[in-house]
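Participant: Quick one, entry_38.cif (mmCIF, N, CA, C and O atoms):
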```
data_model
#
loop_
_atom_site.group_PDB
_atom_site.id
_atom_site.type_symbol
_atom_site.label_atom_id
_atom_site.label_comp_id
_atom_site.auth_asym_id
_atom_site.auth_seq_id
_atom_site.Cartn_x
_atom_site.Cartn_y
_atom_site.Cartn_z
ATOM 1 N N MET W 30 3.306 -19.330 7.968
ATOM 2 C CA MET W 30 2.638 -18.041 8.062
ATOM 3 C C MET W 30 3.543 -16.969 7.457
ATOM 4 O O MET W 30 4.716 -16.895 7.759
ATOM 5 N N GLU W 31 2.964 -16.132 6.611
ATOM 6 C CA GLU W 31 3.724 -15.072 5.972
ATOM 7 C C GLU W 31 3.914 -13.899 6.923
ATOM 8 O O GLU W 31 3.106 -13.662 7.812
ATOM 9 N N THR W 32 4.995 -13.150 6.689
ATOM 10 C CA THR W 32 5.254 -11.952 7.484
ATOM 11 C C THR W 32 5.279 -10.737 6.575
ATOM 12 O O THR W 32 5.525 -10.844 5.377
ATOM 13 N N CYS W 33 5.042 -9.580 7.151
ATOM 14 C CA CYS W 33 5.026 -8.318 6.424
ATOM 15 C C CYS W 33 6.430 -8.026 5.896
ATOM 16 O O CYS W 33 7.413 -8.137 6.626
ATOM 17 N N THR W 34 6.519 -7.653 4.621
ATOM 18 C CA THR W 34 7.816 -7.377 4.011
ATOM 19 C C THR W 34 8.049 -5.891 3.780
ATOM 20 O O THR W 34 9.025 -5.510 3.146
ATOM 21 N N GLU W 35 7.170 -5.032 4.291
ATOM 22 C CA GLU W 35 7.358 -3.584 4.170
ATOM 23 C C GLU W 35 8.621 -3.200 4.948
ATOM 24 O O GLU W 35 8.830 -3.642 6.066
ATOM 25 N N GLU W 36 9.472 -2.391 4.330
ATOM 26 C CA GLU W 36 10.735 -2.027 4.960
ATOM 27 C C GLU W 36 10.512 -0.985 6.048
ATOM 28 O O GLU W 36 9.793 -0.007 5.858
ATOM 29 N N VAL W 37 11.155 -1.191 7.195
ATOM 30 C CA VAL W 37 11.096 -0.266 8.321
ATOM 31 C C VAL W 37 12.517 0.040 8.770
ATOM 32 O O VAL W 37 13.452 -0.686 8.459
ATOM 33 N N GLY W 38 12.667 1.088 9.531
ATOM 34 C CA GLY W 38 13.976 1.475 10.038
ATOM 35 C C GLY W 38 14.472 2.721 9.335
ATOM 36 O O GLY W 38 14.274 2.897 8.139
ATOM 37 N N LEU W 39 15.149 3.574 10.086
ATOM 38 C CA LEU W 39 15.619 4.825 9.533
ATOM 39 C C LEU W 39 16.953 4.650 8.810
ATOM 40 O O LEU W 39 17.080 4.992 7.648
ATOM 41 N N LEU W 40 17.927 4.093 9.479
ATOM 42 C CA LEU W 40 19.244 3.917 8.878
ATOM 43 C C LEU W 40 19.460 2.516 8.334
ATOM 44 O O LEU W 40 20.037 2.337 7.275
ATOM 45 N N LYS W 41 19.023 1.527 9.082
ATOM 46 C CA LYS W 41 19.148 0.133 8.652
ATOM 47 C C LYS W 41 17.775 -0.381 8.262
ATOM 48 O O LYS W 41 16.957 -0.684 9.114
ATOM 49 N N LYS W 42 17.515 -0.460 6.964
ATOM 50 C CA LYS W 42 16.223 -0.946 6.485
ATOM 51 C C LYS W 42 16.141 -2.452 6.651
ATOM 52 O O LYS W 42 17.107 -3.169 6.377
ATOM 53 N N LYS W 43 15.007 -2.929 7.155
ATOM 54 C CA LYS W 43 14.761 -4.357 7.308
ATOM 55 C C LYS W 43 13.272 -4.609 7.166
ATOM 56 O O LYS W 43 12.467 -3.699 7.320
ATOM 57 N N PRO W 44 12.881 -5.835 6.855
ATOM 58 C CA PRO W 44 11.447 -6.150 6.754
ATOM 59 C C PRO W 44 10.753 -5.990 8.105
ATOM 60 O O PRO W 44 11.351 -6.238 9.149
ATOM 61 N N CYS W 45 9.507 -5.585 8.093
ATOM 62 C CA CYS W 45 8.724 -5.379 9.311
ATOM 63 C C CYS W 45 8.707 -6.645 10.164
ATOM 64 O O CYS W 45 8.996 -6.607 11.348
ATOM 65 N N GLY W 46 8.316 -7.767 9.564
ATOM 66 C CA GLY W 46 8.349 -9.043 10.267
ATOM 67 C C GLY W 46 7.096 -9.411 11.038
ATOM 68 O O GLY W 46 6.998 -10.518 11.546
ATOM 69 N N GLU W 47 6.119 -8.501 11.152
ATOM 70 C CA GLU W 47 4.871 -8.853 11.837
ATOM 71 C C GLU W 47 4.039 -9.772 10.950
ATOM 72 O O GLU W 47 4.242 -9.849 9.747
ATOM 73 N N ALA W 48 3.091 -10.444 11.530
ATOM 74 C CA ALA W 48 2.244 -11.377 10.780
ATOM 75 C C ALA W 48 1.431 -10.630 9.724
ATOM 76 O O ALA W 48 0.818 -9.607 10.012
ATOM 77 N N ALA W 49 1.457 -11.133 8.501
ATOM 78 C CA ALA W 49 0.720 -10.512 7.402
ATOM 79 C C ALA W 49 -0.762 -10.849 7.525
ATOM 80 O O ALA W 49 -1.135 -11.986 7.814
ATOM 81 N N VAL W 50 -1.609 -9.829 7.317
ATOM 82 C CA VAL W 50 -3.055 -10.030 7.371
ATOM 83 C C VAL W 50 -3.685 -9.921 5.992
ATOM 84 O O VAL W 50 -4.824 -10.328 5.793
ATOM 85 N N THR W 51 -2.954 -9.359 5.028
ATOM 86 C CA THR W 51 -3.470 -9.182 3.670
ATOM 87 C C THR W 51 -2.309 -9.031 2.704
ATOM 88 O O THR W 51 -1.148 -9.023 3.115
ATOM 89 N N HIS W 52 -2.628 -8.900 1.422
ATOM 90 C CA HIS W 52 -1.633 -8.659 0.380
ATOM 91 C C HIS W 52 -2.011 -7.387 -0.364
ATOM 92 O O HIS W 52 -3.189 -7.037 -0.444
ATOM 93 N N CYS W 53 -1.022 -6.729 -0.934
ATOM 94 C CA CYS W 53 -1.261 -5.547 -1.755
ATOM 95 C C CYS W 53 -2.066 -5.970 -2.983
ATOM 96 O O CYS W 53 -1.754 -6.977 -3.625
ATOM 97 N N ALA W 54 -3.090 -5.202 -3.318
ATOM 98 C CA ALA W 54 -3.936 -5.514 -4.466
ATOM 99 C C ALA W 54 -3.182 -5.355 -5.784
ATOM 100 O O ALA W 54 -3.575 -5.943 -6.784
ATOM 101 N N ASN W 55 -2.094 -4.611 -5.782
ATOM 102 C CA ASN W 55 -1.354 -4.363 -7.009
ATOM 103 C C ASN W 55 -0.136 -5.282 -7.149
ATOM 104 O O ASN W 55 0.012 -5.960 -8.152
ATOM 105 N N CYS W 56 0.731 -5.312 -6.141
ATOM 106 C CA CYS W 56 2.002 -6.044 -6.272
ATOM 107 C C CYS W 56 2.047 -7.341 -5.467
ATOM 108 O O CYS W 56 3.058 -8.041 -5.499
ATOM 109 N N GLU W 57 0.991 -7.663 -4.734
ATOM 110 C CA GLU W 57 0.879 -8.905 -3.963
ATOM 111 C C GLU W 57 1.887 -9.024 -2.814
ATOM 112 O O GLU W 57 2.167 -10.107 -2.326
ATOM 113 N N GLN W 58 2.438 -7.903 -2.353
ATOM 114 C CA GLN W 58 3.361 -7.909 -1.213
ATOM 115 C C GLN W 58 2.579 -8.197 0.062
ATOM 116 O O GLN W 58 1.534 -7.592 0.298
ATOM 117 N N PRO W 59 3.044 -9.117 0.921
ATOM 118 C CA PRO W 59 2.340 -9.369 2.185
ATOM 119 C C PRO W 59 2.434 -8.153 3.120
ATOM 120 O O PRO W 59 3.505 -7.557 3.243
ATOM 121 N N LEU W 60 1.308 -7.792 3.752
ATOM 122 C CA LEU W 60 1.249 -6.598 4.593
ATOM 123 C C LEU W 60 0.615 -6.901 5.946
ATOM 124 O O LEU W 60 -0.335 -7.666 6.025
ATOM 125 N N CYS W 61 1.143 -6.259 6.993
ATOM 126 C CA CYS W 61 0.531 -6.361 8.329
ATOM 127 C C CYS W 61 -0.530 -5.270 8.448
ATOM 128 O O CYS W 61 -0.706 -4.444 7.548
ATOM 129 N N SER W 62 -1.233 -5.237 9.565
ATOM 130 C CA SER W 62 -2.310 -4.266 9.742
ATOM 131 C C SER W 62 -1.787 -2.832 9.815
ATOM 132 O O SER W 62 -2.506 -1.895 9.473
ATOM 133 N N LYS W 63 -0.538 -2.622 10.217
ATOM 134 C CA LYS W 63 0.034 -1.278 10.290
ATOM 135 C C LYS W 63 0.334 -0.712 8.905
ATOM 136 O O LYS W 63 0.224 0.485 8.687
ATOM 137 N N HIS W 64 0.766 -1.560 7.994
ATOM 138 C CA HIS W 64 1.243 -1.096 6.692
ATOM 139 C C HIS W 64 0.233 -1.245 5.555
ATOM 140 O O HIS W 64 0.517 -0.839 4.425
ATOM 141 N N ALA W 65 -0.925 -1.782 5.816
ATOM 142 C CA ALA W 65 -1.957 -1.944 4.785
ATOM 143 C C ALA W 65 -2.753 -0.649 4.661
ATOM 144 O O ALA W 65 -3.359 -0.185 5.616
ATOM 145 N N VAL W 66 -2.729 -0.039 3.470
ATOM 146 C CA VAL W 66 -3.471 1.194 3.201
ATOM 147 C C VAL W 66 -4.761 0.815 2.480
ATOM 148 O O VAL W 66 -4.706 0.201 1.419
ATOM 149 N N PRO W 67 -5.942 1.159 3.052
ATOM 150 C CA PRO W 67 -7.195 0.773 2.399
ATOM 151 C C PRO W 67 -7.386 1.480 1.064
ATOM 152 O O PRO W 67 -7.101 2.665 0.926
ATOM 153 N N GLU W 68 -7.844 0.733 0.075
ATOM 154 C CA GLU W 68 -8.142 1.288 -1.240
ATOM 155 C C GLU W 68 -9.529 1.922 -1.172
ATOM 156 O O GLU W 68 -10.454 1.336 -0.627
ATOM 157 N N LEU W 69 -9.660 3.131 -1.728
ATOM 158 C CA LEU W 69 -10.926 3.849 -1.681
ATOM 159 C C LEU W 69 -11.547 3.932 -3.061
ATOM 160 O O LEU W 69 -10.845 4.050 -4.072
ATOM 161 N N SER W 70 -12.872 3.895 -3.103
ATOM 162 C CA SER W 70 -13.592 4.054 -4.370
ATOM 163 C C SER W 70 -13.618 5.537 -4.740
ATOM 164 O O SER W 70 -13.154 6.396 -3.987
ATOM 165 N N VAL W 71 -14.183 5.858 -5.896
ATOM 166 C CA VAL W 71 -14.279 7.246 -6.347
ATOM 167 C C VAL W 71 -15.093 8.082 -5.357
ATOM 168 O O VAL W 71 -14.797 9.247 -5.123
ATOM 169 N N ALA W 72 -16.085 7.459 -4.749
ATOM 170 C CA ALA W 72 -16.936 8.151 -3.780
ATOM 171 C C ALA W 72 -16.272 8.300 -2.418
ATOM 172 O O ALA W 72 -16.799 8.964 -1.534
ATOM 173 N N GLY W 73 -15.101 7.678 -2.209
ATOM 174 C CA GLY W 73 -14.392 7.780 -0.947
ATOM 175 C C GLY W 73 -14.696 6.671 0.032
ATOM 176 O O GLY W 73 -14.284 6.729 1.181
ATOM 177 N N ASN W 74 -15.394 5.642 -0.407
ATOM 178 C CA ASN W 74 -15.724 4.510 0.453
ATOM 179 C C ASN W 74 -14.651 3.436 0.343
ATOM 180 O O ASN W 74 -14.043 3.260 -0.708
ATOM 181 N N LYS W 75 -14.426 2.702 1.426
ATOM 182 C CA LYS W 75 -13.455 1.611 1.406
ATOM 183 C C LYS W 75 -13.972 0.476 0.526
ATOM 184 O O LYS W 75 -15.139 0.119 0.588
ATOM 185 N N THR W 76 -13.081 -0.095 -0.294
ATOM 186 C CA THR W 76 -13.479 -1.158 -1.222
ATOM 187 C C THR W 76 -13.253 -2.545 -0.637
ATOM 188 O O THR W 76 -13.710 -3.521 -1.206
ATOM 189 N N GLY W 77 -12.502 -2.638 0.458
ATOM 190 C CA GLY W 77 -12.195 -3.937 1.040
ATOM 191 C C GLY W 77 -10.857 -4.484 0.573
ATOM 192 O O GLY W 77 -10.426 -5.534 1.017
ATOM 193 N N LYS W 78 -10.201 -3.762 -0.334
ATOM 194 C CA LYS W 78 -8.874 -4.147 -0.799
ATOM 195 C C LYS W 78 -7.840 -3.217 -0.174
ATOM 196 O O LYS W 78 -8.171 -2.108 0.240
ATOM 197 N N PHE W 79 -6.594 -3.679 -0.122
ATOM 198 C CA PHE W 79 -5.529 -2.899 0.487
ATOM 199 C C PHE W 79 -4.344 -2.798 -0.450
ATOM 200 O O PHE W 79 -4.153 -3.643 -1.315
ATOM 201 N N MET W 80 -3.538 -1.744 -0.257
ATOM 202 C CA MET W 80 -2.337 -1.542 -1.048
ATOM 203 C C MET W 80 -1.172 -1.225 -0.115
ATOM 204 O O MET W 80 -1.367 -0.744 0.995
ATOM 205 N N CYS W 81 0.046 -1.486 -0.611
ATOM 206 C CA CYS W 81 1.225 -1.061 0.135
ATOM 207 C C CYS W 81 1.403 0.439 -0.098
ATOM 208 O O CYS W 81 0.772 1.034 -0.972
ATOM 209 N N LYS W 82 2.259 1.062 0.681
ATOM 210 C CA LYS W 82 2.437 2.504 0.603
ATOM 211 C C LYS W 82 2.913 2.947 -0.778
ATOM 212 O O LYS W 82 2.412 3.933 -1.329
ATOM 213 N N GLU W 83 3.860 2.222 -1.365
ATOM 214 C CA GLU W 83 4.410 2.605 -2.659
ATOM 215 C C GLU W 83 3.346 2.532 -3.762
ATOM 216 O O GLU W 83 3.244 3.428 -4.600
ATOM 217 N N CYS W 84 2.562 1.474 -3.778
ATOM 218 C CA CYS W 84 1.512 1.329 -4.789
ATOM 219 C C CYS W 84 0.409 2.364 -4.588
ATOM 220 O O CYS W 84 -0.161 2.871 -5.555
ATOM 221 N N HIS W 85 0.110 2.694 -3.342
ATOM 222 C CA HIS W 85 -0.911 3.695 -3.049
ATOM 223 C C HIS W 85 -0.483 5.062 -3.590
ATOM 224 O O HIS W 85 -1.273 5.755 -4.235
ATOM 225 N N VAL W 86 0.770 5.439 -3.363
ATOM 226 C CA VAL W 86 1.286 6.717 -3.863
ATOM 227 C C VAL W 86 1.275 6.729 -5.386
ATOM 228 O O VAL W 86 0.870 7.713 -6.011
ATOM 229 N N ALA W 87 1.700 5.632 -6.004
ATOM 230 C CA ALA W 87 1.706 5.545 -7.468
ATOM 231 C C ALA W 87 0.292 5.642 -8.038
ATOM 232 O O ALA W 87 0.078 6.298 -9.066
ATOM 233 N N ALA W 88 -0.681 5.035 -7.390
ATOM 234 C CA ALA W 88 -2.063 5.094 -7.855
ATOM 235 C C ALA W 88 -2.610 6.512 -7.764
ATOM 236 O O ALA W 88 -3.322 6.972 -8.669
ATOM 237 N N LYS W 89 -2.267 7.228 -6.694
ATOM 238 C CA LYS W 89 -2.723 8.615 -6.551
ATOM 239 C C LYS W 89 -2.105 9.495 -7.632
ATOM 240 O O LYS W 89 -2.782 10.343 -8.215
ATOM 241 N N GLU W 90 -0.809 9.299 -7.929
ATOM 242 C CA GLU W 90 -0.147 10.067 -8.980
ATOM 243 C C GLU W 90 -0.782 9.766 -10.342
ATOM 244 O O GLU W 90 -0.973 10.669 -11.151
ATOM 245 N N HIS W 91 -1.117 8.507 -10.575
ATOM 246 C CA HIS W 91 -1.770 8.125 -11.829
ATOM 247 C C HIS W 91 -3.127 8.799 -11.953
ATOM 248 O O HIS W 91 -3.471 9.323 -13.024
ATOM 249 N N ASP W 92 -3.893 8.800 -10.881
ATOM 250 C CA ASP W 92 -5.216 9.438 -10.907
ATOM 251 C C ASP W 92 -5.108 10.942 -11.185
ATOM 252 O O ASP W 92 -5.911 11.504 -11.924
ATOM 253 N N LYS W 93 -4.081 11.606 -10.603
ATOM 254 C CA LYS W 93 -3.863 13.027 -10.856
ATOM 255 C C LYS W 93 -3.516 13.262 -12.316
ATOM 256 O O LYS W 93 -4.003 14.217 -12.936
ATOM 257 N N ALA W 94 -2.663 12.413 -12.883
ATOM 258 C CA ALA W 94 -2.260 12.575 -14.278
ATOM 259 C C ALA W 94 -3.434 12.365 -15.221
ATOM 260 O O ALA W 94 -3.598 13.109 -16.188
ATOM 261 N N VAL W 95 -4.268 11.381 -14.931
ATOM 262 C CA VAL W 95 -5.449 11.125 -15.772
ATOM 263 C C VAL W 95 -6.418 12.281 -15.684
ATOM 264 O O VAL W 95 -6.997 12.704 -16.697
ATOM 265 N N ALA W 96 -6.593 12.835 -14.491
ATOM 266 C CA ALA W 96 -7.500 13.979 -14.328
ATOM 267 C C ALA W 96 -6.976 15.201 -15.078
ATOM 268 O O ALA W 96 -7.765 15.959 -15.656
ATOM 269 N N ALA W 97 -5.667 15.410 -15.082
ATOM 270 C CA ALA W 97 -5.086 16.559 -15.792
ATOM 271 C C ALA W 97 -5.253 16.408 -17.304
ATOM 272 O O ALA W 97 -5.505 17.401 -17.998
ATOM 273 N N VAL W 98 -5.125 15.197 -17.822
ATOM 274 C CA VAL W 98 -5.288 14.974 -19.252
ATOM 275 C C VAL W 98 -6.752 15.116 -19.665
ATOM 276 O O VAL W 98 -7.056 15.599 -20.755
ATOM 277 N N ALA W 99 -7.660 14.754 -18.790
ATOM 278 C CA ALA W 99 -9.084 14.785 -19.103
ATOM 279 C C ALA W 99 -9.621 16.215 -19.193
ATOM 280 O O ALA W 99 -10.664 16.450 -19.800
ATOM 281 N N LYS W 100 -8.917 17.179 -18.617
ATOM 282 C CA LYS W 100 -9.401 18.585 -18.627
ATOM 283 C C LYS W 100 -9.266 19.216 -19.975
ATOM 284 O O LYS W 100 -8.565 19.030 -20.821
#
```
I'd like the structure from this file rewritten - as structure tokens, please.
Facilitator:
Amino acid sequence: METCTEEVGLLKKKPCGEAAVTHCANCEQPLCSKHAVPELSVAGNKTGKFMCKECHVAAKEHDKAVAAVAK
């Protein structure tokens, strides 16, 4: 059984270690239910896929950059 590899801890970073329920849609990192961020469609509906926090932030930054170029 895979475990969540999202880093936790303030001073000493370590893997979460809880049982993974899904994988990141972008980087395939195993994620537990606490660390899985649902991917949203353009309309704001859940797509059924999940991302890790880092990939989610990167995707939002990419969407902002594409929107700025499109103007």
Participant: To one decimal place in Å, what is the distance between atom N of W:Thr34 and atom CA of W:Cys61?
Facilitator: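 Atom CA of W:Cys61 lies 7.2 Å from atom N of W:Thr34.
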Participant: Considering only C-alpha atoms, state which residue in the set W:Gly73, W:Pro44, W:Val37, W:Asp92 is at the smallest distance from W:Pro59.
Facilitator: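 Checking each candidate against W:Pro59, we get W:Pro44 as the closest.
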Participant: As an exercise, work out the distance from atom C of W:Phe79 to atom CA of W:Cys56 in Å and give it to one decimal place.
Facilitator: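 Separation of atom C of W:Phe79 and atom CA of W:Cys56: 9.2 Å.
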Participant: Write down as a PDB file with N, CA, C and O atoms, keeping the file's coordinate frame the residues of chain W whose backbone DSSP state falls under helix (DSSP H, G or I).
Facilitator:
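Once written, selection26.pdb looks like this:
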```pdb
ATOM      1  N   LYS W  82       2.259   1.062   0.681  1.00  0.00           N
ATOM      2  CA  LYS W  82       2.437   2.504   0.603  1.00  0.00           C
ATOM      3  C   LYS W  82       2.913   2.947  -0.778  1.00  0.00           C
ATOM      4  O   LYS W  82       2.412   3.933  -1.329  1.00  0.00           O
ATOM      5  N   GLU W  83       3.860   2.222  -1.365  1.00  0.00           N
ATOM      6  CA  GLU W  83       4.410   2.605  -2.659  1.00  0.00           C
ATOM      7  C   GLU W  83       3.346   2.532  -3.762  1.00  0.00           C
ATOM      8  O   GLU W  83       3.244   3.428  -4.600  1.00  0.00           O
ATOM      9  N   CYS W  84       2.562   1.474  -3.778  1.00  0.00           N
ATOM     10  CA  CYS W  84       1.512   1.329  -4.789  1.00  0.00           C
ATOM     11  C   CYS W  84       0.409   2.364  -4.588  1.00  0.00           C
ATOM     12  O   CYS W  84      -0.161   2.871  -5.555  1.00  0.00           O
ATOM     13  N   HIS W  85       0.110   2.694  -3.342  1.00  0.00           N
ATOM     14  CA  HIS W  85      -0.911   3.695  -3.049  1.00  0.00           C
ATOM     15  C   HIS W  85      -0.483   5.062  -3.590  1.00  0.00           C
ATOM     16  O   HIS W  85      -1.273   5.755  -4.235  1.00  0.00           O
ATOM     17  N   VAL W  86       0.770   5.439  -3.363  1.00  0.00           N
ATOM     18  CA  VAL W  86       1.286   6.717  -3.863  1.00  0.00           C
ATOM     19  C   VAL W  86       1.275   6.729  -5.386  1.00  0.00           C
ATOM     20  O   VAL W  86       0.870   7.713  -6.011  1.00  0.00           O
ATOM     21  N   ALA W  87       1.700   5.632  -6.004  1.00  0.00           N
ATOM     22  CA  ALA W  87       1.706   5.545  -7.468  1.00  0.00           C
ATOM     23  C   ALA W  87       0.292   5.642  -8.038  1.00  0.00           C
ATOM     24  O   ALA W  87       0.078   6.298  -9.066  1.00  0.00           O
ATOM     25  N   ALA W  88      -0.681   5.035  -7.390  1.00  0.00           N
ATOM     26  CA  ALA W  88      -2.063   5.094  -7.855  1.00  0.00           C
ATOM     27  C   ALA W  88      -2.610   6.512  -7.764  1.00  0.00           C
ATOM     28  O   ALA W  88      -3.322   6.972  -8.669  1.00  0.00           O
ATOM     29  N   LYS W  89      -2.267   7.228  -6.694  1.00  0.00           N
ATOM     30  CA  LYS W  89      -2.723   8.615  -6.551  1.00  0.00           C
ATOM     31  C   LYS W  89      -2.105   9.495  -7.632  1.00  0.00           C
ATOM     32  O   LYS W  89      -2.782  10.343  -8.215  1.00  0.00           O
ATOM     33  N   GLU W  90      -0.809   9.299  -7.929  1.00  0.00           N
ATOM     34  CA  GLU W  90      -0.147  10.067  -8.980  1.00  0.00           C
ATOM     35  C   GLU W  90      -0.782   9.766 -10.342  1.00  0.00           C
ATOM     36  O   GLU W  90      -0.973  10.669 -11.151  1.00  0.00           O
ATOM     37  N   HIS W  91      -1.117   8.507 -10.575  1.00  0.00           N
ATOM     38  CA  HIS W  91      -1.770   8.125 -11.829  1.00  0.00           C
ATOM     39  C   HIS W  91      -3.127   8.799 -11.953  1.00  0.00           C
ATOM     40  O   HIS W  91      -3.471   9.323 -13.024  1.00  0.00           O
ATOM     41  N   ASP W  92      -3.893   8.800 -10.881  1.00  0.00           N
ATOM     42  CA  ASP W  92      -5.216   9.438 -10.907  1.00  0.00           C
ATOM     43  C   ASP W  92      -5.108  10.942 -11.185  1.00  0.00           C
ATOM     44  O   ASP W  92      -5.911  11.504 -11.924  1.00  0.00           O
ATOM     45  N   LYS W  93      -4.081  11.606 -10.603  1.00  0.00           N
ATOM     46  CA  LYS W  93      -3.863  13.027 -10.856  1.00  0.00           C
ATOM     47  C   LYS W  93      -3.516  13.262 -12.316  1.00  0.00           C
ATOM     48  O   LYS W  93      -4.003  14.217 -12.936  1.00  0.00           O
ATOM     49  N   ALA W  94      -2.663  12.413 -12.883  1.00  0.00           N
ATOM     50  CA  ALA W  94      -2.260  12.575 -14.278  1.00  0.00           C
ATOM     51  C   ALA W  94      -3.434  12.365 -15.221  1.00  0.00           C
ATOM     52  O   ALA W  94      -3.598  13.109 -16.188  1.00  0.00           O
ATOM     53  N   VAL W  95      -4.268  11.381 -14.931  1.00  0.00           N
ATOM     54  CA  VAL W  95      -5.449  11.125 -15.772  1.00  0.00           C
ATOM     55  C   VAL W  95      -6.418  12.281 -15.684  1.00  0.00           C
ATOM     56  O   VAL W  95      -6.997  12.704 -16.697  1.00  0.00           O
ATOM     57  N   ALA W  96      -6.593  12.835 -14.491  1.00  0.00           N
ATOM     58  CA  ALA W  96      -7.500  13.979 -14.328  1.00  0.00           C
ATOM     59  C   ALA W  96      -6.976  15.201 -15.078  1.00  0.00           C
ATOM     60  O   ALA W  96      -7.765  15.959 -15.656  1.00  0.00           O
ATOM     61  N   ALA W  97      -5.667  15.410 -15.082  1.00  0.00           N
ATOM     62  CA  ALA W  97      -5.086  16.559 -15.792  1.00  0.00           C
ATOM     63  C   ALA W  97      -5.253  16.408 -17.304  1.00  0.00           C
ATOM     64  O   ALA W  97      -5.505  17.401 -17.998  1.00  0.00           O
ATOM     65  N   VAL W  98      -5.125  15.197 -17.822  1.00  0.00           N
ATOM     66  CA  VAL W  98      -5.288  14.974 -19.252  1.00  0.00           C
ATOM     67  C   VAL W  98      -6.752  15.116 -19.665  1.00  0.00           C
ATOM     68  O   VAL W  98      -7.056  15.599 -20.755  1.00  0.00           O
ATOM     69  N   ALA W  99      -7.660  14.754 -18.790  1.00  0.00           N
ATOM     70  CA  ALA W  99      -9.084  14.785 -19.103  1.00  0.00           C
ATOM     71  C   ALA W  99      -9.621  16.215 -19.193  1.00  0.00           C
ATOM     72  O   ALA W  99     -10.664  16.450 -19.800  1.00  0.00           O
TER      73      ALA W  99
END
```
Participant: By how many Å are atom CA of W:Val86 and atom N of W:Met30 apart?
Facilitator: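 Atom-to-atom, atom CA of W:Val86 and atom N of W:Met30 are spaced 28.7 Å apart.
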Participant: Give as a PyMOL selection string the residues that the PyMOL selection byres (((chain W and resi 58 and name CA) around 9) and name CA) matches when applied to the coordinates above.
Facilitator: chain W and resi 33-35+51-57+59-60+80-81
Participant: Keeping only N, CA, C and O atoms, write the selected residues to a file as a short mmCIF file (atom, residue, chain, number, x, y, z; two decimals), in the coordinates of the input.
Facilitator:
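Contents of the output file result_33.cif:
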```cif
data_model
loop_
_atom_site.label_atom_id
_atom_site.label_comp_id
_atom_site.auth_asym_id
_atom_site.auth_seq_id
_atom_site.Cartn_x
_atom_site.Cartn_y
_atom_site.Cartn_z
N CYS W 33 5.04 -9.58 7.15
CA CYS W 33 5.03 -8.32 6.42
C CYS W 33 6.43 -8.03 5.90
O CYS W 33 7.41 -8.14 6.63
N THR W 34 6.52 -7.65 4.62
CA THR W 34 7.82 -7.38 4.01
C THR W 34 8.05 -5.89 3.78
O THR W 34 9.02 -5.51 3.15
N GLU W 35 7.17 -5.03 4.29
CA GLU W 35 7.36 -3.58 4.17
C GLU W 35 8.62 -3.20 4.95
O GLU W 35 8.83 -3.64 6.07
N THR W 51 -2.95 -9.36 5.03
CA THR W 51 -3.47 -9.18 3.67
C THR W 51 -2.31 -9.03 2.70
O THR W 51 -1.15 -9.02 3.12
N HIS W 52 -2.63 -8.90 1.42
CA HIS W 52 -1.63 -8.66 0.38
C HIS W 52 -2.01 -7.39 -0.36
O HIS W 52 -3.19 -7.04 -0.44
N CYS W 53 -1.02 -6.73 -0.93
CA CYS W 53 -1.26 -5.55 -1.76
C CYS W 53 -2.07 -5.97 -2.98
O CYS W 53 -1.75 -6.98 -3.62
N ALA W 54 -3.09 -5.20 -3.32
CA ALA W 54 -3.94 -5.51 -4.47
C ALA W 54 -3.18 -5.36 -5.78
O ALA W 54 -3.58 -5.94 -6.78
N ASN W 55 -2.09 -4.61 -5.78
CA ASN W 55 -1.35 -4.36 -7.01
C ASN W 55 -0.14 -5.28 -7.15
O ASN W 55 0.01 -5.96 -8.15
N CYS W 56 0.73 -5.31 -6.14
CA CYS W 56 2.00 -6.04 -6.27
C CYS W 56 2.05 -7.34 -5.47
O CYS W 56 3.06 -8.04 -5.50
N GLU W 57 0.99 -7.66 -4.73
CA GLU W 57 0.88 -8.90 -3.96
C GLU W 57 1.89 -9.02 -2.81
O GLU W 57 2.17 -10.11 -2.33
N PRO W 59 3.04 -9.12 0.92
CA PRO W 59 2.34 -9.37 2.18
C PRO W 59 2.43 -8.15 3.12
O PRO W 59 3.50 -7.56 3.24
N LEU W 60 1.31 -7.79 3.75
CA LEU W 60 1.25 -6.60 4.59
C LEU W 60 0.62 -6.90 5.95
O LEU W 60 -0.34 -7.67 6.02
N MET W 80 -3.54 -1.74 -0.26
CA MET W 80 -2.34 -1.54 -1.05
C MET W 80 -1.17 -1.23 -0.12
O MET W 80 -1.37 -0.74 1.00
N CYS W 81 0.05 -1.49 -0.61
CA CYS W 81 1.23 -1.06 0.14
C CYS W 81 1.40 0.44 -0.10
O CYS W 81 0.77 1.03 -0.97
#
```
Participant: For W:Ser62, which of W:Lys43, W:Ala87, W:Thr32, W:Thr76 is the closest residue, counting only C-alpha atoms?
Facilitator: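 Answer, going by the shortest atom-to-atom distance: W:Thr32.
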Participant: Taking the DSSP secondary structure from the backbone, can you list the residues of stretch 56-87 of chain W that are strand (DSSP E), as a PyMOL selection string?
Facilitator: chain W and resi 59-60+66-69+75-80
Participant: Ranking W:Glu31, W:Lys78, W:Ala72, W:Ala99 by minimum distance to W:Ala48 and counting only N, CA, C and O atoms, which one comes first?
Facilitator: W:Glu31
Participant: Go through W:Val95, W:Glu47, W:Gly77, W:Lys82 and flag the residue nearest W:Ala65, using all atoms listed in the file for the distances.
Facilitator: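 Closest to W:Ala65 of all the choices is W:Lys82.
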Participant: Pick out the closest residue to W:Pro67 from this set: W:His85, W:Val50, W:Gly38, W:Lys93. Count only C-alpha atoms.
Facilitator: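 Closest residue, counting only C-alpha atoms: W:His85.
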Participant: Taking every listed atom of stretch 45-55 of chain W and adding 4 Å to each side, what centre and edge lengths in Å (one decimal) does the axis-aligned box have, as lines of an AutoDock Vina configuration file?
Facilitator:
```
center_x = 2.3
center_y = -8.2
center_z = 1.8
size_x = 22.3
size_y = 15.6
size_z = 28.0
```
Participant: Measuring between only C-alpha atoms, which one of W:Lys89, W:Cys45, W:Leu39, W:Glu83 shows the shortest distance to W:Ser70?
Facilitator: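 Ranked by minimum distance to W:Ser70, first place goes to W:Lys89.
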